[in-house]
file start14.cif (mmCIF, C-alpha atoms)
data_my_file
#
loop_
_atom_site.group_PDB
_atom_site.id
_atom_site.type_symbol
_atom_site.label_atom_id
_atom_site.label_comp_id
_atom_site.auth_asym_id
_atom_site.auth_seq_id
_atom_site.Cartn_x
_atom_site.Cartn_y
_atom_site.Cartn_z
ATOM 1 C CA MET N 1 0.000 0.000 0.000
ATOM 2 C CA VAL N 2 1.260 3.451 -0.996
ATOM 3 C CA THR N 3 0.307 6.811 0.485
ATOM 4 C CA ILE N 4 -0.856 9.193 -2.234
ATOM 5 C CA ASN N 5 -1.161 12.881 -1.392
ATOM 6 C CA VAL N 6 -3.679 14.658 -3.641
ATOM 7 C CA LEU N 7 -3.465 18.426 -4.129
ATOM 8 C CA GLY N 8 -5.527 20.597 -6.472
ATOM 9 C CA TYR N 9 -4.076 23.472 -8.508
ATOM 10 C CA PRO N 10 -7.179 25.133 -10.024
ATOM 11 C CA SER N 11 -5.448 27.724 -12.172
ATOM 12 C CA SER N 12 -6.149 28.689 -15.764
ATOM 13 C CA ALA N 13 -4.026 31.853 -15.610
ATOM 14 C CA ALA N 14 -1.439 30.344 -17.969
ATOM 15 C CA ALA N 15 -3.966 28.574 -20.196
ATOM 16 C CA TYR N 16 -5.557 29.641 -23.484
ATOM 17 C CA CYS N 17 -8.884 30.436 -21.817
ATOM 18 C CA VAL N 18 -10.900 29.564 -18.728
ATOM 19 C CA GLY N 19 -12.026 25.987 -18.083
ATOM 20 C CA VAL N 20 -9.070 23.976 -16.803
ATOM 21 C CA GLU N 21 -9.492 25.455 -13.314
ATOM 22 C CA HIS N 22 -12.529 23.183 -12.882
ATOM 23 C CA ALA N 23 -10.525 19.981 -13.370
ATOM 24 C CA PRO N 24 -9.571 19.230 -9.737
ATOM 25 C CA ALA N 25 -13.180 19.330 -8.574
ATOM 26 C CA ALA N 26 -14.396 17.358 -11.589
ATOM 27 C CA LEU N 27 -11.852 14.594 -11.040
ATOM 28 C CA ARG N 28 -12.884 14.239 -7.422
ATOM 29 C CA GLU N 29 -16.545 14.167 -8.459
ATOM 30 C CA ALA N 30 -15.699 11.462 -11.001
ATOM 31 C CA GLY N 31 -14.448 9.273 -8.158
ATOM 32 C CA LEU N 32 -10.687 9.767 -8.207
ATOM 33 C CA VAL N 33 -10.150 9.514 -4.448
ATOM 34 C CA ASP N 34 -12.461 6.501 -4.186
ATOM 35 C CA ALA N 35 -10.646 4.809 -7.071
ATOM 36 C CA LEU N 36 -7.252 5.349 -5.445
ATOM 37 C CA GLN N 37 -8.523 3.893 -2.181
ATOM 38 C CA ALA N 38 -10.215 0.968 -3.934
ATOM 39 C CA ALA N 39 -6.855 0.117 -5.524
ATOM 40 C CA GLY N 40 -5.465 -0.308 -2.011
ATOM 41 C CA HIS N 41 -3.736 3.039 -1.525
ATOM 42 C CA GLN N 42 -3.920 5.324 1.477
ATOM 43 C CA VAL N 43 -5.085 8.731 0.263
ATOM 44 C CA GLU N 44 -4.622 12.135 1.858
ATOM 45 C CA ASP N 45 -6.776 14.689 0.025
ATOM 46 C CA LEU N 46 -5.313 18.087 0.863
ATOM 47 C CA GLY N 47 -7.891 20.103 -1.030
ATOM 48 C CA ASP N 48 -7.205 22.889 -3.497
ATOM 49 C CA LEU N 49 -5.011 25.944 -3.660
ATOM 50 C CA PRO N 50 -6.730 29.253 -4.545
ATOM 51 C CA VAL N 51 -8.418 29.605 -7.932
ATOM 52 C CA HIS N 52 -6.721 31.714 -10.631
ATOM 53 C CA LEU N 53 -8.548 32.567 -13.851
ATOM 54 C CA TRP N 54 -7.248 33.350 -17.306
ATOM 55 C CA LYS N 55 -8.034 36.801 -18.609
ATOM 56 C CA PRO N 56 -6.864 38.714 -21.673
ATOM 57 C CA ASP N 57 -3.628 40.451 -20.755
ATOM 58 C CA ALA N 58 -3.126 43.474 -22.985
ATOM 59 C CA GLU N 59 -0.102 44.647 -21.016
ATOM 60 C CA ARG N 60 1.825 41.416 -21.614
ATOM 61 C CA PRO N 61 0.188 39.802 -24.645
ATOM 62 C CA ARG N 62 3.044 37.380 -25.352
ATOM 63 C CA ALA N 63 3.283 36.109 -21.758
ATOM 64 C CA GLN N 64 -0.239 36.515 -20.489
ATOM 65 C CA ASN N 65 -0.931 36.674 -16.761
ATOM 66 C CA LEU N 66 2.755 36.049 -16.047
ATOM 67 C CA ASP N 67 2.920 37.641 -12.597
ATOM 68 C CA GLU N 68 -0.214 35.886 -11.371
ATOM 69 C CA GLU N 69 0.994 32.519 -12.643
ATOM 70 C CA VAL N 70 4.445 32.931 -11.082
ATOM 71 C CA ALA N 71 2.864 33.730 -7.701
ATOM 72 C CA ALA N 72 0.479 30.774 -8.012
ATOM 73 C CA LEU N 73 3.275 28.362 -8.909
ATOM 74 C CA ARG N 74 5.407 29.538 -6.019
ATOM 75 C CA ALA N 75 2.460 28.897 -3.699
ATOM 76 C CA LEU N 76 2.110 25.421 -5.203
ATOM 77 C CA ALA N 77 5.792 24.658 -4.675
ATOM 78 C CA GLU N 78 5.638 25.868 -1.068
ATOM 79 C CA LYS N 79 2.582 23.724 -0.313
ATOM 80 C CA ALA N 80 3.814 20.652 -2.176
ATOM 81 C CA ALA N 81 7.481 20.538 -1.158
ATOM 82 C CA PRO N 82 6.805 18.976 2.283
ATOM 83 C CA LEU N 83 4.768 16.277 0.500
ATOM 84 C CA VAL N 84 7.633 15.224 -1.766
ATOM 85 C CA THR N 85 9.223 12.085 -0.382
ATOM 86 C CA THR N 86 10.440 8.749 -1.629
ATOM 87 C CA ASP N 87 8.036 7.082 0.829
ATOM 88 C CA ALA N 88 4.850 8.498 -0.742
ATOM 89 C CA ARG N 89 3.439 9.744 -4.040
ATOM 90 C CA LEU N 90 2.216 13.234 -4.843
ATOM 91 C CA LEU N 91 -0.643 13.751 -7.322
ATOM 92 C CA VAL N 92 -1.199 17.379 -8.348
ATOM 93 C CA LEU N 93 -4.430 18.096 -10.190
ATOM 94 C CA GLY N 94 -4.150 21.096 -12.536
ATOM 95 C CA GLY N 95 -4.913 23.475 -14.029
ATOM 96 C CA SER N 96 -2.837 24.559 -16.981
ATOM 97 C CA CYS N 97 0.196 22.466 -17.874
ATOM 98 C CA THR N 98 2.562 24.957 -16.255
ATOM 99 C CA VAL N 99 1.616 22.935 -13.164
ATOM 100 C CA ALA N 100 4.619 20.796 -14.163
ATOM 101 C CA LEU N 101 6.876 23.723 -13.254
ATOM 102 C CA GLY N 102 5.320 23.900 -9.808
ATOM 103 C CA LEU N 103 5.781 20.170 -9.315
ATOM 104 C CA CYS N 104 9.441 20.336 -10.337
ATOM 105 C CA ALA N 105 9.987 23.373 -8.103
ATOM 106 C CA ALA N 106 8.508 21.433 -5.171
ATOM 107 C CA VAL N 107 10.849 18.534 -5.882
ATOM 108 C CA ALA N 108 13.836 20.887 -5.957
ATOM 109 C CA ASP N 109 12.731 22.583 -2.731
ATOM 110 C CA ALA N 110 12.513 19.132 -1.119
ATOM 111 C CA GLY N 111 16.211 18.665 -1.838
ATOM 112 C CA ILE N 112 15.775 16.269 -4.775
ATOM 113 C CA GLU N 113 17.099 16.997 -8.254
ATOM 114 C CA PRO N 114 14.068 17.093 -10.578
ATOM 115 C CA HIS N 115 13.873 14.464 -13.336
ATOM 116 C CA LEU N 116 10.756 14.653 -15.513
ATOM 117 C CA VAL N 117 8.904 12.445 -17.996
ATOM 118 C CA TYR N 118 6.758 14.913 -19.952
ATOM 119 C CA LEU N 119 3.742 13.128 -21.428
ATOM 120 C CA ASP N 120 2.246 15.440 -24.037
ATOM 121 C CA ARG N 121 1.636 15.775 -27.756
ATOM 122 C CA HIS N 122 3.534 19.094 -27.668
ATOM 123 C CA LEU N 123 7.093 20.013 -26.702
ATOM 124 C CA ASP N 124 6.096 23.278 -24.949
ATOM 125 C CA LEU N 125 9.493 24.761 -25.737
ATOM 126 C CA ASN N 126 8.291 28.098 -27.077
ATOM 127 C CA THR N 127 9.147 31.452 -25.542
ATOM 128 C CA PRO N 128 7.435 34.838 -25.693
ATOM 129 C CA GLU N 129 9.938 35.697 -28.414
ATOM 130 C CA SER N 130 9.407 32.579 -30.536
ATOM 131 C CA THR N 131 5.602 32.666 -30.780
ATOM 132 C CA THR N 132 2.798 35.209 -30.759
ATOM 133 C CA GLU N 133 0.351 32.813 -29.036
ATOM 134 C CA GLY N 134 0.962 34.345 -25.613
ATOM 135 C CA SER N 135 -0.125 31.313 -23.589
ATOM 136 C CA LEU N 136 2.458 30.217 -21.034
ATOM 137 C CA SER N 137 1.024 26.698 -21.322
ATOM 138 C CA TRP N 138 2.905 26.395 -24.608
ATOM 139 C CA MET N 139 6.134 27.525 -22.945
ATOM 140 C CA GLY N 140 6.499 25.528 -19.742
ATOM 141 C CA MET N 141 9.514 23.432 -20.637
ATOM 142 C CA ALA N 142 11.324 26.383 -22.200
ATOM 143 C CA HIS N 143 11.138 28.038 -18.794
ATOM 144 C CA ALA N 144 12.037 24.870 -16.892
ATOM 145 C CA LEU N 145 15.204 24.676 -19.000
ATOM 146 C CA GLY N 146 15.912 28.415 -18.931
ATOM 147 C CA ILE N 147 16.048 28.669 -22.727
ATOM 148 C CA PRO N 148 17.092 32.105 -24.058
ATOM 149 C CA GLY N 149 14.042 34.315 -24.426
ATOM 150 C CA ALA N 150 12.234 32.797 -21.444
ATOM 151 C CA GLU N 151 10.781 35.111 -18.798
ATOM 152 C CA GLU N 152 13.258 35.332 -15.925
ATOM 153 C CA SER N 153 10.626 35.420 -13.176
ATOM 154 C CA LEU N 154 9.202 32.088 -14.365
ATOM 155 C CA THR N 155 12.616 30.455 -14.686
ATOM 156 C CA ARG N 156 13.424 31.445 -11.089
ATOM 157 C CA LEU N 157 10.559 29.884 -9.162
ATOM 158 C CA THR N 158 13.076 28.551 -6.645
ATOM 159 C CA SER N 159 16.763 28.900 -5.880
ATOM 160 C CA THR N 160 17.370 26.077 -8.370
ATOM 161 C CA SER N 161 17.574 27.730 -11.780
ATOM 162 C CA PRO N 162 17.121 26.357 -14.303
ATOM 163 C CA LEU N 163 14.774 23.772 -12.804
ATOM 164 C CA LEU N 164 15.773 21.102 -15.318
ATOM 165 C CA GLN N 165 18.898 20.151 -17.181
ATOM 166 C CA PRO N 166 18.309 18.832 -20.725
ATOM 167 C CA ALA N 167 19.445 15.339 -19.659
ATOM 168 C CA HIS N 168 16.796 15.390 -16.923
ATOM 169 C CA LEU N 169 13.837 15.898 -19.285
ATOM 170 C CA SER N 170 12.363 13.096 -21.388
ATOM 171 C CA TYR N 171 9.389 13.476 -23.720
ATOM 172 C CA LEU N 172 6.712 10.826 -24.220
ATOM 173 C CA GLY N 173 3.903 10.953 -26.772
ATOM 174 C CA VAL N 174 4.900 14.036 -28.772
ATOM 175 C CA GLU N 175 4.722 14.430 -32.523
ATOM 176 C CA PRO N 176 7.455 16.938 -33.412
ATOM 177 C CA ALA N 177 6.848 16.802 -37.169
ATOM 178 C CA THR N 178 3.305 18.175 -36.996
ATOM 179 C CA GLU N 179 2.757 19.499 -33.448
ATOM 180 C CA ALA N 180 5.888 21.580 -32.869
ATOM 181 C CA THR N 181 7.276 24.842 -34.157
ATOM 182 C CA GLU N 182 10.578 24.975 -35.989
ATOM 183 C CA TRP N 183 12.000 26.785 -32.951
ATOM 184 C CA GLU N 184 11.018 23.898 -30.692
ATOM 185 C CA ARG N 185 12.505 21.262 -32.978
ATOM 186 C CA ASP N 186 15.740 23.249 -33.096
ATOM 187 C CA GLN N 187 15.862 23.333 -29.274
ATOM 188 C CA VAL N 188 15.395 19.564 -29.022
ATOM 189 C CA ASP N 189 18.181 18.970 -31.535
ATOM 190 C CA HIS N 190 20.507 21.531 -29.964
ATOM 191 C CA LEU N 191 20.005 20.314 -26.399
ATOM 192 C CA GLY N 192 19.839 16.608 -27.232
ATOM 193 C CA ILE N 193 16.570 16.029 -25.341
ATOM 194 C CA PRO N 194 15.272 12.444 -25.748
ATOM 195 C CA VAL N 195 11.903 12.105 -27.475
ATOM 196 C CA THR N 196 9.658 9.035 -27.506
ATOM 197 C CA THR N 197 7.037 9.748 -30.129
ATOM 198 C CA GLN N 198 3.279 9.532 -30.268
ATOM 199 C CA ALA N 199 3.522 6.647 -32.738
ATOM 200 C CA GLU N 200 5.680 4.671 -30.311
ATOM 201 C CA LEU N 201 3.290 5.359 -27.442
ATOM 202 C CA VAL N 202 0.268 4.185 -29.426
ATOM 203 C CA ALA N 203 1.989 1.073 -30.803
ATOM 204 C CA GLU N 204 3.570 -0.181 -27.556
ATOM 205 C CA PRO N 205 2.422 1.876 -24.534
ATOM 206 C CA THR N 206 4.441 -0.005 -21.910
ATOM 207 C CA SER N 207 7.635 -0.150 -23.952
ATOM 208 C CA ALA N 208 7.359 3.518 -24.883
ATOM 209 C CA ALA N 209 6.796 4.569 -21.265
ATOM 210 C CA LEU N 210 9.811 2.595 -20.082
ATOM 211 C CA LYS N 211 11.936 3.977 -22.914
ATOM 212 C CA ALA N 212 11.080 7.521 -21.849
ATOM 213 C CA ARG N 213 11.721 6.785 -18.192
ATOM 214 C CA HIS N 214 15.058 5.068 -18.794
ATOM 215 C CA ALA N 215 16.254 7.998 -20.863
ATOM 216 C CA LEU N 216 16.527 9.764 -17.484
ATOM 217 C CA PRO N 217 19.142 9.088 -14.809
ATOM 218 C CA ASP N 218 18.347 6.542 -12.118
ATOM 219 C CA GLY N 219 16.708 7.818 -8.955
ATOM 220 C CA PRO N 220 13.548 9.790 -8.148
ATOM 221 C CA PHE N 221 11.488 11.119 -11.050
ATOM 222 C CA VAL N 222 8.105 12.721 -11.675
ATOM 223 C CA VAL N 223 5.640 12.642 -14.561
ATOM 224 C CA HIS N 224 3.557 15.380 -16.106
ATOM 225 C CA LEU N 225 0.445 14.370 -18.040
ATOM 226 C CA ASP N 226 -1.033 16.865 -20.484
ATOM 227 C CA VAL N 227 -4.506 15.573 -21.327
ATOM 228 C CA ASP N 228 -4.218 16.770 -24.928
ATOM 229 C CA VAL N 229 -1.898 13.833 -25.632
ATOM 230 C CA LEU N 230 -5.097 11.776 -25.932
ATOM 231 C CA ASP N 231 -7.159 11.106 -29.023
ATOM 232 C CA PHE N 232 -9.919 13.680 -28.537
ATOM 233 C CA LEU N 233 -12.487 11.399 -30.170
ATOM 234 C CA ASP N 234 -11.805 8.661 -27.620
ATOM 235 C CA ALA N 235 -11.692 11.085 -24.694
ATOM 236 C CA PRO N 236 -13.012 14.612 -25.341
ATOM 237 C CA LEU N 237 -11.375 16.167 -22.308
ATOM 238 C CA ALA N 238 -8.545 18.456 -23.375
ATOM 239 C CA GLU N 239 -8.513 22.215 -23.680
ATOM 240 C CA ASN N 240 -6.983 21.717 -27.131
ATOM 241 C CA VAL N 241 -9.679 20.041 -29.233
ATOM 242 C CA ASN N 242 -7.484 19.490 -32.295
ATOM 243 C CA GLY N 243 -6.089 16.088 -31.298
ATOM 244 C CA ARG N 244 -8.616 14.116 -33.341
ATOM 245 C CA ASN N 245 -7.859 10.686 -34.746
ATOM 246 C CA SER N 246 -4.343 10.764 -33.335
ATOM 247 C CA GLY N 247 -2.769 9.970 -30.006
ATOM 248 C CA PRO N 248 -3.391 7.211 -27.472
ATOM 249 C CA THR N 249 -6.761 6.061 -26.239
ATOM 250 C CA LEU N 250 -7.452 6.132 -22.532
ATOM 251 C CA GLY N 251 -6.741 2.395 -22.445
ATOM 252 C CA GLN N 252 -3.309 2.925 -23.981
ATOM 253 C CA LEU N 253 -2.609 5.839 -21.652
ATOM 254 C CA GLY N 254 -3.534 3.709 -18.656
ATOM 255 C CA GLU N 255 -1.114 0.997 -19.740
ATOM 256 C CA ALA N 256 1.721 3.510 -20.084
ATOM 257 C CA LEU N 257 0.991 5.167 -16.742
ATOM 258 C CA SER N 258 0.802 1.815 -14.951
ATOM 259 C CA ALA N 259 4.313 1.063 -16.167
ATOM 260 C CA LEU N 260 5.575 4.424 -14.896
ATOM 261 C CA TRP N 261 3.845 4.099 -11.511
ATOM 262 C CA ARG N 262 5.582 0.743 -11.018
ATOM 263 C CA GLU N 263 9.049 2.092 -11.787
ATOM 264 C CA PRO N 264 11.440 2.514 -8.838
ATOM 265 C CA GLY N 265 11.861 6.184 -8.037
ATOM 266 C CA PHE N 266 8.412 7.355 -9.128
ATOM 267 C CA ILE N 267 7.436 10.055 -6.610
ATOM 268 C CA GLY N 268 4.758 12.172 -8.238
ATOM 269 C CA MET N 269 2.620 13.259 -11.147
ATOM 270 C CA SER N 270 0.856 16.415 -12.279
ATOM 271 C CA ILE N 271 -2.153 16.577 -14.596
ATOM 272 C CA GLY N 272 -2.939 19.540 -16.829
ATOM 273 C CA GLN N 273 -5.159 20.928 -19.584
ATOM 274 C CA LEU N 274 -8.360 19.044 -18.735
ATOM 275 C CA VAL N 275 -11.610 20.953 -19.397
ATOM 276 C CA PRO N 276 -14.539 19.145 -17.741
ATOM 277 C CA ALA N 277 -17.106 20.967 -19.888
ATOM 278 C CA HIS N 278 -15.844 19.098 -22.948
ATOM 279 C CA ALA N 279 -16.661 15.797 -21.251
ATOM 280 C CA ALA N 280 -20.378 16.577 -21.576
ATOM 281 C CA SER N 281 -20.173 15.115 -25.078
ATOM 282 C CA ASP N 282 -19.130 11.738 -23.603
ATOM 283 C CA PRO N 283 -20.294 11.251 -20.012
ATOM 284 C CA THR N 284 -18.046 8.181 -19.661
ATOM 285 C CA SER N 285 -14.814 10.025 -20.403
ATOM 286 C CA LEU N 286 -14.060 11.448 -16.949
ATOM 287 C CA ARG N 287 -14.698 8.111 -15.262
ATOM 288 C CA ARG N 288 -12.510 6.333 -17.806
ATOM 289 C CA PHE N 289 -9.811 8.951 -17.307
ATOM 290 C CA VAL N 290 -9.880 8.323 -13.563
ATOM 291 C CA GLU N 291 -9.424 4.610 -14.257
ATOM 292 C CA ALA N 292 -6.457 5.344 -16.545
ATOM 293 C CA VAL N 293 -4.572 7.493 -14.026
ATOM 294 C CA THR N 294 -5.258 5.306 -10.984
ATOM 295 C CA PRO N 295 -2.137 3.292 -10.177
ATOM 296 C CA PRO N 296 -2.486 -0.471 -9.818
ATOM 297 C CA GLY N 297 -2.408 -1.877 -6.320
ATOM 298 C CA ASP N 298 1.163 -3.133 -6.772
ATOM 299 C CA ALA N 299 2.518 0.257 -7.846
#

call {"tool": "encode", "arguments": {"input": "start14.cif", "output": "structure tokens"}}
result
Amino acid sequence: MVTINVLGYPSSAAAYCVGVEHAPAALREAGLVDALQAAGHQVEDLGDLPVHLWKPDAERPRAQNLDEEVAALRALAEKAAPLVTTDARLLVLGGSCTVALGLCAAVADAGIEPHLVYLDRHLDLNTPESTTEGSLSWMGMAHALGIPGAEESLTRLTSTSPLLQPAHLSYLGVEPATEATEWERDQVDHLGIPVTTQAELVAEPTSAALKARHALPDGPFVVHLDVDVLDFLDAPLAENVNGRNSGPTLGQLGEALSALWREPGFIGMSIGQLVPAHAASDPTSLRRFVEAVTPPGDA
């Protein structure tokens, strides 16, 4: 039996619009805590941090709501750091996918060097200078790595800056050819960041998950799950609705996550970019998502 600490991060400040801030409550309502307990785990539900909402930011259009998101992530790291331990697991329910930065900052503040498997269809290596989109959700890993052009306040969430070294980041489920900018592909090539593709994840979920994990050094590691990695037709949950007819099903995602949960050194996971309102089109999707992210009893 494993102790799993559950913490909600209901922030859409860094997202493309409002919606993802409802995910923590929706996952609880879909039976997440009950599912974790039914699998044999001891669960400590620590509730939610304060809500932060996306709004159009005319003063900083290329890094919208930056100050609010930095403050929210620092609060997340402060709350989560005491929960980071090799004797338990931390599950952070976002929120926008910048929640991964808060998770890594908490790990660093706990005295552990962050190692991250980033499960997403996107690389999120843009900066305010490389794209006009303005959403920090598309820039999280650029700031974790301290890539030139990143906003300094977001790269310095803790005394550990940058949060990640290139050898301590491993991608799983991305499709660089069609879902990345030229800037992002150049960063991957320049920094030598390992990428396990969407095609590999769909074909052999367990093998792909283990490949991504073993691209990192041995020792403690965390996982970030961006819900838009999923095939939107199988699970209409993501903020980004363009992932149609591509990406893993919830069954394939569950297989990959089970493999990662069982790996020695797994200490935590964050979830981002889930919009519960989209699930109205398939009332089974939230329940099936809960099943996919619930670790098996032997994990």

call {"tool": "atom_distance", "arguments": {"input": "start14.cif", "atom1": "atom CA of Thr178 of chain N", "atom2": "atom CA of Val229 of chain N"}}
result
13.2 Å

call {"tool": "resolve_selection", "arguments": {"input": "start14.cif", "expression": "the PyMOL selection byres ((chain N and resi 97) around 8)", "output": "PyMOL selection string"}}
result
chain N and resi 15+94-96+98-100+137+140+226+271-273

call {"tool": "write_last_selection", "arguments": {"input": "start14.cif", "atoms": "C-alpha atoms", "output": "CSV table (one decimal), keeping the file's coordinate frame"}}
result
chain,number,residue,atom,x,y,z
N,15,ALA,CA,-4.0,28.6,-20.2
N,94,GLY,CA,-4.2,21.1,-12.5
N,95,GLY,CA,-4.9,23.5,-14.0
N,96,SER,CA,-2.8,24.6,-17.0
N,98,THR,CA,2.6,25.0,-16.3
N,99,VAL,CA,1.6,22.9,-13.2
N,100,ALA,CA,4.6,20.8,-14.2
N,137,SER,CA,1.0,26.7,-21.3
N,140,GLY,CA,6.5,25.5,-19.7
N,226,ASP,CA,-1.0,16.9,-20.5
N,271,ILE,CA,-2.2,16.6,-14.6
N,272,GLY,CA,-2.9,19.5,-16.8
N,273,GLN,CA,-5.2,20.9,-19.6

call {"tool": "closest_residue", "arguments": {"input": "start14.cif", "among": "N:Leu83, N:Ala299, N:Ala203, N:Ala209", "to": "Asn5 of chain N", "atoms": "all atoms listed in the file"}}
result
N:Leu83

call {"tool": "resolve_selection", "arguments": {"input": "start14.cif", "expression": "the PyMOL selection byres ((chain N and resi 25) around 12)", "output": "count of residues only"}}
result
32

call {"tool": "residues_around", "arguments": {"input": "start14.cif", "residues": "segment 75-77 of chain N", "least_positions_apart": "3", "cutoff": "10 Å", "atoms": "only C-alpha atoms", "output": "ChimeraX atom specification"}}
result
/N:7-9,48-50,69-72,80-83,92,99,101-110,157-158

call {"tool": "closest_residue", "arguments": {"input": "start14.cif", "among": "N:Thr284, N:Gln198, N:Ser270, N:Asn126", "to": "Leu145 of chain N", "atoms": "all atoms listed in the file"}}
result
N:Asn126

call {"tool": "atom_distance", "arguments": {"input": "start14.cif", "atom1": "atom CA of Gly251 of chain N", "atom2": "atom CA of Phe289 of chain N"}}
result
8.9 Å

call {"tool": "resolve_selection", "arguments": {"input": "start14.cif", "expression": "the PyMOL selection byres ((chain N and resi 36) around 12)", "output": "ChimeraX atom specification"}}
result
/N:1-6,27-28,30-35,37-45,89,91,290-297,299

call {"tool": "write_last_selection", "arguments": {"input": "start14.cif", "atoms": "C-alpha atoms", "output": "compact mmCIF listing (two decimals), in the frame of the given file"}}
result
# COMPACT_ATOMS: atom_id res chain seq x y z
CA MET N 1 0.00 0.00 0.00
CA VAL N 2 1.26 3.45 -1.00
CA THR N 3 0.31 6.81 0.48
CA ILE N 4 -0.86 9.19 -2.23
CA ASN N 5 -1.16 12.88 -1.39
CA VAL N 6 -3.68 14.66 -3.64
CA LEU N 27 -11.85 14.59 -11.04
CA ARG N 28 -12.88 14.24 -7.42
CA ALA N 30 -15.70 11.46 -11.00
CA GLY N 31 -14.45 9.27 -8.16
CA LEU N 32 -10.69 9.77 -8.21
CA VAL N 33 -10.15 9.51 -4.45
CA ASP N 34 -12.46 6.50 -4.19
CA ALA N 35 -10.65 4.81 -7.07
CA GLN N 37 -8.52 3.89 -2.18
CA ALA N 38 -10.22 0.97 -3.93
CA ALA N 39 -6.86 0.12 -5.52
CA GLY N 40 -5.46 -0.31 -2.01
CA HIS N 41 -3.74 3.04 -1.52
CA GLN N 42 -3.92 5.32 1.48
CA VAL N 43 -5.08 8.73 0.26
CA GLU N 44 -4.62 12.14 1.86
CA ASP N 45 -6.78 14.69 0.02
CA ARG N 89 3.44 9.74 -4.04
CA LEU N 91 -0.64 13.75 -7.32
CA VAL N 290 -9.88 8.32 -13.56
CA GLU N 291 -9.42 4.61 -14.26
CA ALA N 292 -6.46 5.34 -16.55
CA VAL N 293 -4.57 7.49 -14.03
CA THR N 294 -5.26 5.31 -10.98
CA PRO N 295 -2.14 3.29 -10.18
CA PRO N 296 -2.49 -0.47 -9.82
CA GLY N 297 -2.41 -1.88 -6.32
CA ALA N 299 2.52 0.26 -7.85

call {"tool": "atom_distance", "arguments": {"input": "start14.cif", "atom1": "atom CA of Thr131 of chain N", "atom2": "atom CA of Thr181 of chain N"}}
result
8.7 Å

call {"tool": "residues_around", "arguments": {"input": "start14.cif", "residues": "Leu123 of chain N", "least_positions_apart": "5", "cutoff": "7 Å", "atoms": "all atoms listed in the file", "output": "PDB file with C-alpha atoms, keeping the file's coordinate frame"}}
result
ATOM      1  CA  VAL N 174       4.900  14.036 -28.772  1.00  0.00           C
ATOM      2  CA  ALA N 180       5.888  21.580 -32.869  1.00  0.00           C
ATOM      3  CA  GLU N 184      11.018  23.898 -30.692  1.00  0.00           C
TER       4      GLU N 184
END

call {"tool": "decode", "arguments": {"input": "start14.cif", "residues": "segment 157-188 of chain N", "atoms": "C-alpha atoms", "output": "mmCIF file, in the first residue's frame"}}
result
data_model
loop_
_atom_site.group_PDB
_atom_site.id
_atom_site.type_symbol
_atom_site.label_atom_id
_atom_site.label_comp_id
_atom_site.auth_asym_id
_atom_site.auth_seq_id
_atom_site.Cartn_x
_atom_site.Cartn_y
_atom_site.Cartn_z
ATOM 1 C CA LEU N 157 10.559 29.884 -9.162
ATOM 2 C CA THR N 158 13.076 28.551 -6.645
ATOM 3 C CA SER N 159 16.763 28.900 -5.880
ATOM 4 C CA THR N 160 17.370 26.077 -8.370
ATOM 5 C CA SER N 161 17.574 27.730 -11.780
ATOM 6 C CA PRO N 162 17.121 26.357 -14.303
ATOM 7 C CA LEU N 163 14.774 23.772 -12.804
ATOM 8 C CA LEU N 164 15.773 21.102 -15.318
ATOM 9 C CA GLN N 165 18.898 20.151 -17.181
ATOM 10 C CA PRO N 166 18.309 18.832 -20.725
ATOM 11 C CA ALA N 167 19.445 15.339 -19.659
ATOM 12 C CA HIS N 168 16.796 15.390 -16.923
ATOM 13 C CA LEU N 169 13.837 15.898 -19.285
ATOM 14 C CA SER N 170 12.363 13.096 -21.388
ATOM 15 C CA TYR N 171 9.389 13.476 -23.720
ATOM 16 C CA LEU N 172 6.712 10.826 -24.220
ATOM 17 C CA GLY N 173 3.903 10.953 -26.772
ATOM 18 C CA VAL N 174 4.900 14.036 -28.772
ATOM 19 C CA GLU N 175 4.722 14.430 -32.523
ATOM 20 C CA PRO N 176 7.455 16.938 -33.412
ATOM 21 C CA ALA N 177 6.848 16.802 -37.169
ATOM 22 C CA THR N 178 3.305 18.175 -36.996
ATOM 23 C CA GLU N 179 2.757 19.499 -33.448
ATOM 24 C CA ALA N 180 5.888 21.580 -32.869
ATOM 25 C CA THR N 181 7.276 24.842 -34.157
ATOM 26 C CA GLU N 182 10.578 24.975 -35.989
ATOM 27 C CA TRP N 183 12.000 26.785 -32.951
ATOM 28 C CA GLU N 184 11.018 23.898 -30.692
ATOM 29 C CA ARG N 185 12.505 21.262 -32.978
ATOM 30 C CA ASP N 186 15.740 23.249 -33.096
ATOM 31 C CA GLN N 187 15.862 23.333 -29.274
ATOM 32 C CA VAL N 188 15.395 19.564 -29.022
#
